[in-house]
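First the structure, in the form of structure tokens, and then the observations on it.
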Amino acid sequence: MPQTRPDLGTAAPYTFPKPRRLTVGGGTVVAIDVPGQQLVSLRLVHPHGGAAEPLDAMGVGVLTSEVLEDGPDGNSSLAPALERHGAEWVSRVSWDAFITGLDAPANRLDEAVRLFSEAVRRPALAPDDILRRREQLLERFWLEAASAGTLAMRSLGGQLFTGRYATPLAGGPVKLADVTPETVAAFHADSIASVAGTLVVVGDLTGVDLEELAKTVFGDAAAVTADEPSEPAPPPGELPRVLIVDRPGSVQSALVIAHRAPSRSQVDLPRAEGISEVLGGMFTSRLNLELRERLGYTYGAGSRFDLRRDSGVFFMSTQVEADTTAHSITSSLEQVTELRESGVTEEELTAVRESNTVGLPVGYATARALAGALVDMVVHDLPEDHVDRTRAGYERLTKESLDSAAVEYLRPDESVVVVVGDAERLRGPITDTGVGPVEVRSADSLWS
């Protein structure tokens, strides 16, 4: 017998759990008890991300993050040691933070945390391990850059910033090669080993002594706060402008259109991300409907904000057939102009509201997801009710607030366009669009 689709019920209300905070020695613990969640997520946040690296040591954070996995005994010893307790190592570096951690069963947490603390505070940092990891990162850089989309994104920083942001987070193939074992050891001693940081713990904390856990992780490390962010300078040059990263013979082009944006603390997140979703953040977004559905140029197009402590970037991206590249650029910019001039529809407003409120409980159903939200709050100094405030902001969105966001946050006249593709084939048609002056570079020359 035919089945009918059940009617949708009212969206369930959701309140983000209130974290417990305590100071232990030089560090801070931020914890959420989730009864029944037997896999505990632990994250240690240090305020020393890529943006703080000196220009003569770019990539040292990412390299150090990789080397920590070699453990206190060196030679990739950490992962198997943690696996004996059912635990998994976590480590990543962003522009704003150095984050380590683990996911471990609640009943094996103490043993896993002791290993974790040794790995973070007293790793072997054997020169042979560091050099091996450095070579792996260099090889990975070019392997990943074989993807035109990845290469386009990595080429973007030098078009929007001077200083550290002009080189990729991992240091780029030239700068990273200059990072020595001594540089890694000094960075670790000054920015990780001697700095307590903030410890995030989420899971079933029944019987867990958070103070003792924190003492194990922090030891006698000191409290150090992040420096006050200052806005980085832009590179010289006319805006808008176009950079073609030459890939001779390519039949496709990777395309990124981007401009600078305010920092995380300066942005009204529901309005900014809401207008980005209308433009390119959903399948029914304007870029996707135009470039994929109507023109048939691509399998997908999107947009989003990358917001940091001292600045931000807004970008649109897609990959298209080479001969459609110039029209894809002008069509994308036309979508932005139309959105700024005419505003959103009621259907788009409803879609943005519902996509950011209805599924919220599912988005925070795991300890790992809750820990990720707490890490974001720590890194960007957000209030404990940040998730609830953001949800309420989406619920309050109106057509007028999104229309004003389009004018405030979308700035096509300040854009740079990065295209990875066949320069001989692309330069003439892109120049003819009149978007801006066109420069051609090889990938090898971008970070020398």
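Residue names in the structure tokens use chain letters A, B, ... in the order shown, residue numbers from 1 in each chain, and ligand numbers from 1 in the order shown.
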Residues of segment 138-256 of chain A at most 10 Å from segment 297-308 of chain A: nearest atom pair and distance in Å, only C-alpha atoms, as a Markdown table:
```
| residue | atom | partner | partner_atom | distance |
| --- | --- | --- | --- | --- |
| A:Pro229 | CA | A:Arg308 | CA | 9.5 |
| A:Gln252 | CA | A:Thr298 | CA | 10.0 |
| A:Leu255 | CA | A:Ala301 | CA | 9.7 |
| A:Val256 | CA | A:Ser303 | CA | 9.3 |
```
Practice item. Assign secondary structure with DSSP using the backbone only, and return the residues of segment 92-128 of chain A in strand (DSSP E or B) as a list in words. Key: Arg92, Val93, Phe98, Ile99, Thr100, Gly101, Leu102, Asp103, Ala104 and Pro105 of chain A
**Study point:** Which of A:Thr366, A:Thr64, A:Ser328, A:Thr180 sits closest to Ile32 of chain A [using only C-alpha atoms]
**Key:** A:Thr366
Would you mind listing, for every residue of segment 216-326 of chain A within 7 Å of segment 330-350 of chain A, the two atoms forming the shortest contact and the distance between them in Å to one decimal, using only C-alpha atoms, sorted by chain and ascending residue number, as JSON lines?
```
{"residue": "A:Val278", "atom": "CA", "partner": "A:Glu348", "partner_atom": "CA", "distance": 6.3}
{"residue": "A:Arg286", "atom": "CA", "partner": "A:Gln335", "partner_atom": "CA", "distance": 6.8}
{"residue": "A:Leu287", "atom": "CA", "partner": "A:Ser332", "partner_atom": "CA", "distance": 6.5}
{"residue": "A:Ala326", "atom": "CA", "partner": "A:Thr330", "partner_atom": "CA", "distance": 6.5}
```
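With only C-alpha atoms taken into account, the protein and nucleic acid residues at most 10 Å from Phe187 of chain A (excluding it and anything under 2 positions from it in its own chain) are His48, Glu53, Ala57, Val60, Gly61, Thr64, Pro181, Glu182, Thr183, Val184, Ala185, Ala189, Asp190, Ser191, Ile192 and Ala193 of chain A.
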Create the file for the chosen residues now, containing all heavy atoms and written as a JSON list (two decimals), in the first residue's frame.
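Once everything was written out, this is result.json:
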```json
[["chain", "number", "residue", "atom", "x", "y", "z"],
["A", 48, "HIS", "N", 48.58, 30.53, 19.47],
["A", 48, "HIS", "CA", 49.73, 30.81, 18.61],
["A", 48, "HIS", "C", 49.50, 30.14, 17.25],
["A", 48, "HIS", "O", 50.07, 29.08, 16.97],
["A", 48, "HIS", "CB", 51.04, 30.32, 19.24],
["A", 48, "HIS", "CG", 51.36, 31.00, 20.53],
["A", 48, "HIS", "ND1", 51.17, 30.41, 21.75],
["A", 48, "HIS", "CD2", 51.84, 32.25, 20.78],
["A", 48, "HIS", "CE1", 51.53, 31.25, 22.71],
["A", 48, "HIS", "NE2", 51.94, 32.37, 22.14],
["A", 53, "GLU", "N", 53.27, 33.79, 13.27],
["A", 53, "GLU", "CA", 54.60, 33.32, 12.92],
["A", 53, "GLU", "C", 55.45, 34.43, 12.31],
["A", 53, "GLU", "O", 54.96, 35.22, 11.49],
["A", 53, "GLU", "CB", 54.51, 32.17, 11.92],
["A", 53, "GLU", "CG", 53.89, 30.91, 12.48],
["A", 53, "GLU", "CD", 53.69, 29.84, 11.42],
["A", 53, "GLU", "OE1", 53.87, 30.16, 10.22],
["A", 53, "GLU", "OE2", 53.35, 28.71, 11.79],
["A", 57, "ALA", "N", 60.09, 32.20, 9.64],
["A", 57, "ALA", "CA", 59.77, 30.86, 10.15],
["A", 57, "ALA", "C", 58.36, 30.45, 9.75],
["A", 57, "ALA", "O", 57.67, 29.76, 10.50],
["A", 57, "ALA", "CB", 59.93, 30.82, 11.67],
["A", 60, "VAL", "N", 56.26, 26.95, 10.59],
["A", 60, "VAL", "CA", 56.78, 26.25, 11.75],
["A", 60, "VAL", "C", 55.66, 25.65, 12.60],
["A", 60, "VAL", "O", 55.82, 24.57, 13.19],
["A", 60, "VAL", "CB", 57.68, 27.18, 12.60],
["A", 60, "VAL", "CG1", 56.88, 28.33, 13.21],
["A", 60, "VAL", "CG2", 58.39, 26.39, 13.70],
["A", 61, "GLY", "N", 54.50, 26.31, 12.66],
["A", 61, "GLY", "CA", 53.38, 25.78, 13.44],
["A", 61, "GLY", "C", 52.86, 24.48, 12.87],
["A", 61, "GLY", "O", 52.65, 23.50, 13.60],
["A", 64, "THR", "N", 55.43, 21.74, 13.40],
["A", 64, "THR", "CA", 55.45, 21.30, 14.80],
["A", 64, "THR", "C", 54.25, 20.42, 15.11],
["A", 64, "THR", "O", 54.36, 19.40, 15.79],
["A", 64, "THR", "CB", 55.48, 22.51, 15.74],
["A", 64, "THR", "OG1", 56.61, 23.33, 15.44],
["A", 64, "THR", "CG2", 55.55, 22.08, 17.20],
["A", 181, "PRO", "N", 65.20, 22.04, 12.39],
["A", 181, "PRO", "CA", 64.86, 21.41, 13.68],
["A", 181, "PRO", "C", 65.03, 22.36, 14.85],
["A", 181, "PRO", "O", 64.24, 22.32, 15.82],
["A", 181, "PRO", "CB", 65.83, 20.22, 13.76],
["A", 181, "PRO", "CG", 66.07, 19.86, 12.33],
["A", 181, "PRO", "CD", 66.10, 21.16, 11.60],
["A", 182, "GLU", "N", 66.03, 23.22, 14.81],
["A", 182, "GLU", "CA", 66.24, 24.18, 15.89],
["A", 182, "GLU", "C", 65.08, 25.19, 15.97],
["A", 182, "GLU", "O", 64.65, 25.59, 17.06],
["A", 182, "GLU", "CB", 67.56, 24.93, 15.68],
["A", 182, "GLU", "CG", 68.80, 24.06, 15.83],
["A", 182, "GLU", "CD", 69.07, 23.16, 14.63],
["A", 182, "GLU", "OE1", 68.48, 23.41, 13.55],
["A", 182, "GLU", "OE2", 69.84, 22.20, 14.79],
["A", 183, "THR", "N", 64.56, 25.60, 14.80],
["A", 183, "THR", "CA", 63.42, 26.53, 14.77],
["A", 183, "THR", "C", 62.20, 25.87, 15.38],
["A", 183, "THR", "O", 61.46, 26.51, 16.15],
["A", 183, "THR", "CB", 63.13, 26.95, 13.32],
["A", 183, "THR", "OG1", 64.31, 27.46, 12.71],
["A", 183, "THR", "CG2", 62.04, 28.01, 13.28],
["A", 184, "VAL", "N", 61.95, 24.61, 15.05],
["A", 184, "VAL", "CA", 60.81, 23.89, 15.61],
["A", 184, "VAL", "C", 60.95, 23.77, 17.12],
["A", 184, "VAL", "O", 59.99, 24.00, 17.88],
["A", 184, "VAL", "CB", 60.68, 22.50, 14.97],
["A", 184, "VAL", "CG1", 59.67, 21.63, 15.71],
["A", 184, "VAL", "CG2", 60.28, 22.63, 13.50],
["A", 185, "ALA", "N", 62.13, 23.41, 17.60],
["A", 185, "ALA", "CA", 62.35, 23.25, 19.04],
["A", 185, "ALA", "C", 62.12, 24.56, 19.78],
["A", 185, "ALA", "O", 61.50, 24.58, 20.86],
["A", 185, "ALA", "CB", 63.76, 22.72, 19.30],
["A", 189, "ALA", "N", 59.12, 25.25, 22.51],
["A", 189, "ALA", "CA", 59.45, 25.66, 23.87],
["A", 189, "ALA", "C", 58.77, 26.96, 24.26],
["A", 189, "ALA", "O", 58.24, 27.09, 25.38],
["A", 189, "ALA", "CB", 60.97, 25.80, 24.00],
["A", 190, "ASP", "N", 58.73, 27.92, 23.35],
["A", 190, "ASP", "CA", 58.21, 29.25, 23.67],
["A", 190, "ASP", "C", 56.69, 29.35, 23.57],
["A", 190, "ASP", "O", 56.07, 30.11, 24.33],
["A", 190, "ASP", "CB", 58.83, 30.30, 22.73],
["A", 190, "ASP", "CG", 60.33, 30.43, 22.91],
["A", 190, "ASP", "OD1", 60.83, 30.02, 23.97],
["A", 190, "ASP", "OD2", 60.99, 30.93, 21.98],
["A", 191, "SER", "N", 56.09, 28.60, 22.65],
["A", 191, "SER", "CA", 54.67, 28.81, 22.35],
["A", 191, "SER", "C", 53.76, 27.67, 22.79],
["A", 191, "SER", "O", 52.55, 27.86, 22.89],
["A", 191, "SER", "CB", 54.48, 29.02, 20.83],
["A", 191, "SER", "OG", 55.23, 30.13, 20.39],
["A", 192, "ILE", "N", 54.32, 26.49, 23.05],
["A", 192, "ILE", "CA", 53.51, 25.33, 23.40],
["A", 192, "ILE", "C", 53.88, 24.79, 24.78],
["A", 192, "ILE", "O", 53.07, 24.80, 25.70],
["A", 192, "ILE", "CB", 53.62, 24.22, 22.34],
["A", 192, "ILE", "CG1", 53.35, 24.77, 20.94],
["A", 192, "ILE", "CG2", 52.67, 23.07, 22.67],
["A", 192, "ILE", "CD1", 52.00, 25.39, 20.74],
["A", 193, "ALA", "N", 55.10, 24.33, 24.94],
["A", 193, "ALA", "CA", 55.49, 23.66, 26.18],
["A", 193, "ALA", "C", 55.33, 24.55, 27.40],
["A", 193, "ALA", "O", 54.90, 24.11, 28.47],
["A", 193, "ALA", "CB", 56.93, 23.16, 26.07]]
```
Practice item. Could you tell me, as a VMD selection string, which residues of segment 119-230 of chain A DSSP assigns to helix (DSSP H, G or I) when given the backbone? Key: chain A and resid 119 to 121 127 to 145 148 to 154 157 to 160 163 to 166 172 to 178 181 to 193 210 to 218
**Study point:** Among the residues A:Gly207, A:Arg271, A:Thr150, A:Gly50, the one that comes closest to Val62 of chain A [using only C-alpha atoms]
**Key:**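 Ranking A:Gly207, A:Arg271, A:Thr150, A:Gly50 by distance to Val62 of chain A, first place goes to A:Gly50.
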Point to revise | Residues near Ala97 of chain A, cut-off 7 Å, only C-alpha atoms, skip fewer than 2 positions along chain, as a list in words | key: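 Skipping anything fewer than 2 positions along the chain leaves Val45, His46, Pro47, His48, Gly49, Val93, Ser94, Trp95, Ile99 and Val379 of chain A.
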Residues near segment 239-242 of chain A, cut-off 10 Å, only C-alpha atoms, skip fewer than 6 positions along chain, as a CSV table (one decimal) with N, CA and C atoms, in the first residue's frame:
```
chain,number,residue,atom,x,y,z
A,159,GLN,N,47.2,38.0,-3.1
A,159,GLN,CA,46.5,39.1,-3.8
A,159,GLN,C,45.7,40.0,-2.8
A,256,VAL,N,38.4,31.7,-8.5
A,256,VAL,CA,38.0,32.2,-7.2
A,256,VAL,C,37.9,33.7,-7.3
A,257,ILE,N,36.8,34.3,-6.9
A,257,ILE,CA,36.6,35.7,-6.8
A,257,ILE,C,36.5,36.1,-5.3
A,258,ALA,N,37.4,37.0,-4.9
A,258,ALA,CA,37.4,37.2,-3.4
A,258,ALA,C,37.7,38.7,-3.1
A,259,HIS,N,37.3,39.1,-1.9
A,259,HIS,CA,37.7,40.4,-1.4
A,259,HIS,C,37.9,40.3,0.1
A,412,PRO,N,32.0,43.8,-4.7
A,412,PRO,CA,32.6,43.4,-5.9
A,412,PRO,C,33.6,44.3,-6.5
A,413,ASP,N,33.5,45.6,-6.2
A,413,ASP,CA,34.5,46.6,-6.7
A,413,ASP,C,35.9,46.5,-6.0
A,414,GLU,N,36.0,45.7,-4.9
A,414,GLU,CA,37.2,45.5,-4.2
A,414,GLU,C,37.8,44.1,-4.5
A,415,SER,N,37.3,43.4,-5.5
A,415,SER,CA,37.6,42.0,-5.7
A,415,SER,C,38.9,41.8,-6.4
A,416,VAL,N,39.5,40.6,-6.1
A,416,VAL,CA,40.5,40.0,-6.9
A,416,VAL,C,40.0,38.7,-7.5
A,417,VAL,N,40.4,38.4,-8.7
A,417,VAL,CA,40.0,37.2,-9.4
A,417,VAL,C,41.2,36.4,-9.6
A,418,VAL,N,41.2,35.1,-9.1
A,418,VAL,CA,42.3,34.2,-9.3
A,418,VAL,C,41.8,33.1,-10.2
A,419,VAL,N,42.5,32.8,-11.3
A,419,VAL,CA,42.1,31.8,-12.2
A,419,VAL,C,43.3,30.9,-12.4
A,427,ARG,N,43.9,34.5,-21.4
A,427,ARG,CA,44.2,35.9,-21.2
A,427,ARG,C,43.4,36.9,-22.0
A,430,ILE,N,39.6,37.0,-20.9
A,430,ILE,CA,39.4,37.7,-19.6
A,430,ILE,C,39.8,39.2,-19.7
A,431,THR,N,40.8,39.5,-20.4
A,431,THR,CA,41.1,40.9,-20.6
A,431,THR,C,39.9,41.7,-21.2
A,434,GLY,N,37.1,43.4,-19.2
A,434,GLY,CA,37.2,44.7,-18.6
A,434,GLY,C,37.1,44.7,-17.1
A,435,VAL,N,37.2,43.5,-16.5
A,435,VAL,CA,37.1,43.4,-15.0
A,435,VAL,C,38.3,44.1,-14.3
A,436,GLY,N,39.5,44.0,-14.9
A,436,GLY,CA,40.6,44.7,-14.3
A,436,GLY,C,41.9,44.2,-15.0
A,437,PRO,N,43.0,44.8,-14.6
A,437,PRO,CA,44.3,44.4,-15.2
A,437,PRO,C,44.6,42.9,-15.0
A,438,VAL,N,45.2,42.3,-15.9
A,438,VAL,CA,45.4,40.8,-15.9
A,438,VAL,C,46.9,40.6,-15.7
A,439,GLU,N,47.3,39.8,-14.8
A,439,GLU,CA,48.7,39.3,-14.6
A,439,GLU,C,48.8,37.8,-14.7
A,440,VAL,N,49.8,37.3,-15.3
A,440,VAL,CA,50.0,35.9,-15.5
A,440,VAL,C,51.3,35.5,-14.7
```
Practice item. Using only C-alpha atoms, determine which residues lie at most 12 Å from Ser77 of chain A, disregarding the query and same-chain residues fewer than 3 positions distant; provide the list as a count of residues only. Key: 22
Practice item. For segment 136-139 of chain A, please output as a list in words all residues within 9 Å (counting only C-alpha atoms; exclusion window: fewer than 6 positions along the same chain). Key: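 Everything that qualifies: Val62, Leu63, Glu66, Ala170, Gly172, Pro173, Val174, Leu176 and Ala177 of chain A.
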Export N, CA, C and O atoms of the chosen residues as a PDB file, in the first residue's frame?
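After the write, selection-v6.pdb holds the following:
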```pdb
ATOM      1  N   VAL A  62      52.614  24.456  11.570  1.00  0.00           N
ATOM      2  CA  VAL A  62      52.114  23.238  10.934  1.00  0.00           C
ATOM      3  C   VAL A  62      53.131  22.113  11.061  1.00  0.00           C
ATOM      4  O   VAL A  62      52.779  20.961  11.348  1.00  0.00           O
ATOM      5  N   LEU A  63      54.403  22.418  10.858  1.00  0.00           N
ATOM      6  CA  LEU A  63      55.438  21.389  10.984  1.00  0.00           C
ATOM      7  C   LEU A  63      55.505  20.855  12.410  1.00  0.00           C
ATOM      8  O   LEU A  63      55.596  19.634  12.635  1.00  0.00           O
ATOM      9  N   GLU A  66      52.708  18.470  13.112  1.00  0.00           N
ATOM     10  CA  GLU A  66      52.955  17.146  12.533  1.00  0.00           C
ATOM     11  C   GLU A  66      53.945  16.353  13.386  1.00  0.00           C
ATOM     12  O   GLU A  66      53.765  15.157  13.629  1.00  0.00           O
ATOM     13  N   ALA A 170      50.815  26.546   5.642  1.00  0.00           N
ATOM     14  CA  ALA A 170      51.904  25.593   5.840  1.00  0.00           C
ATOM     15  C   ALA A 170      53.256  26.152   5.438  1.00  0.00           C
ATOM     16  O   ALA A 170      54.256  25.431   5.462  1.00  0.00           O
ATOM     17  N   GLY A 172      54.300  27.431   2.477  1.00  0.00           N
ATOM     18  CA  GLY A 172      54.686  27.466   1.076  1.00  0.00           C
ATOM     19  C   GLY A 172      55.924  26.623   0.836  1.00  0.00           C
ATOM     20  O   GLY A 172      56.686  26.317   1.761  1.00  0.00           O
ATOM     21  N   PRO A 173      56.168  26.218  -0.382  1.00  0.00           N
ATOM     22  CA  PRO A 173      57.247  25.269  -0.662  1.00  0.00           C
ATOM     23  C   PRO A 173      58.644  25.816  -0.440  1.00  0.00           C
ATOM     24  O   PRO A 173      59.576  25.056  -0.197  1.00  0.00           O
ATOM     25  N   VAL A 174      58.808  27.125  -0.512  1.00  0.00           N
ATOM     26  CA  VAL A 174      60.144  27.707  -0.327  1.00  0.00           C
ATOM     27  C   VAL A 174      60.406  28.027   1.133  1.00  0.00           C
ATOM     28  O   VAL A 174      61.441  27.664   1.705  1.00  0.00           O
ATOM     29  N   LEU A 176      58.873  26.950   3.913  1.00  0.00           N
ATOM     30  CA  LEU A 176      58.877  25.791   4.798  1.00  0.00           C
ATOM     31  C   LEU A 176      60.208  25.059   4.736  1.00  0.00           C
ATOM     32  O   LEU A 176      60.692  24.540   5.741  1.00  0.00           O
ATOM     33  N   ALA A 177      60.822  25.027   3.565  1.00  0.00           N
ATOM     34  CA  ALA A 177      62.108  24.329   3.412  1.00  0.00           C
ATOM     35  C   ALA A 177      63.204  24.952   4.258  1.00  0.00           C
ATOM     36  O   ALA A 177      64.216  24.304   4.550  1.00  0.00           O
TER      37      ALA A 177
END
```
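Among the candidate residues A:Met282, A:Leu199, A:Leu269, A:Ala51, the one lying nearest to Ala226 of chain A is A:Ala51, with distances computed using only C-alpha atoms.
Considering only C-alpha atoms, the residue among A:Leu397, A:Leu213, A:Ala423, A:Val24 positioned nearest to Ala196 of chain A is A:Val24.
Picture a line from atom CA of Val29 of chain A to atom CA of Thr390 of chain A; it runs 23.4 Å.
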**Study point:** Pairwise distance for atom CA of Gly296 of chain A and atom CA of Thr284 of chain A, rounded to one decimal in Å
**Key:**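 Straight-line distance from atom CA of Gly296 of chain A to atom CA of Thr284 of chain A works out to 14.6 Å.
As for atom CA of Glu384 of chain A and atom CA of Leu370 of chain A, they are spaced 12.0 Å apart.
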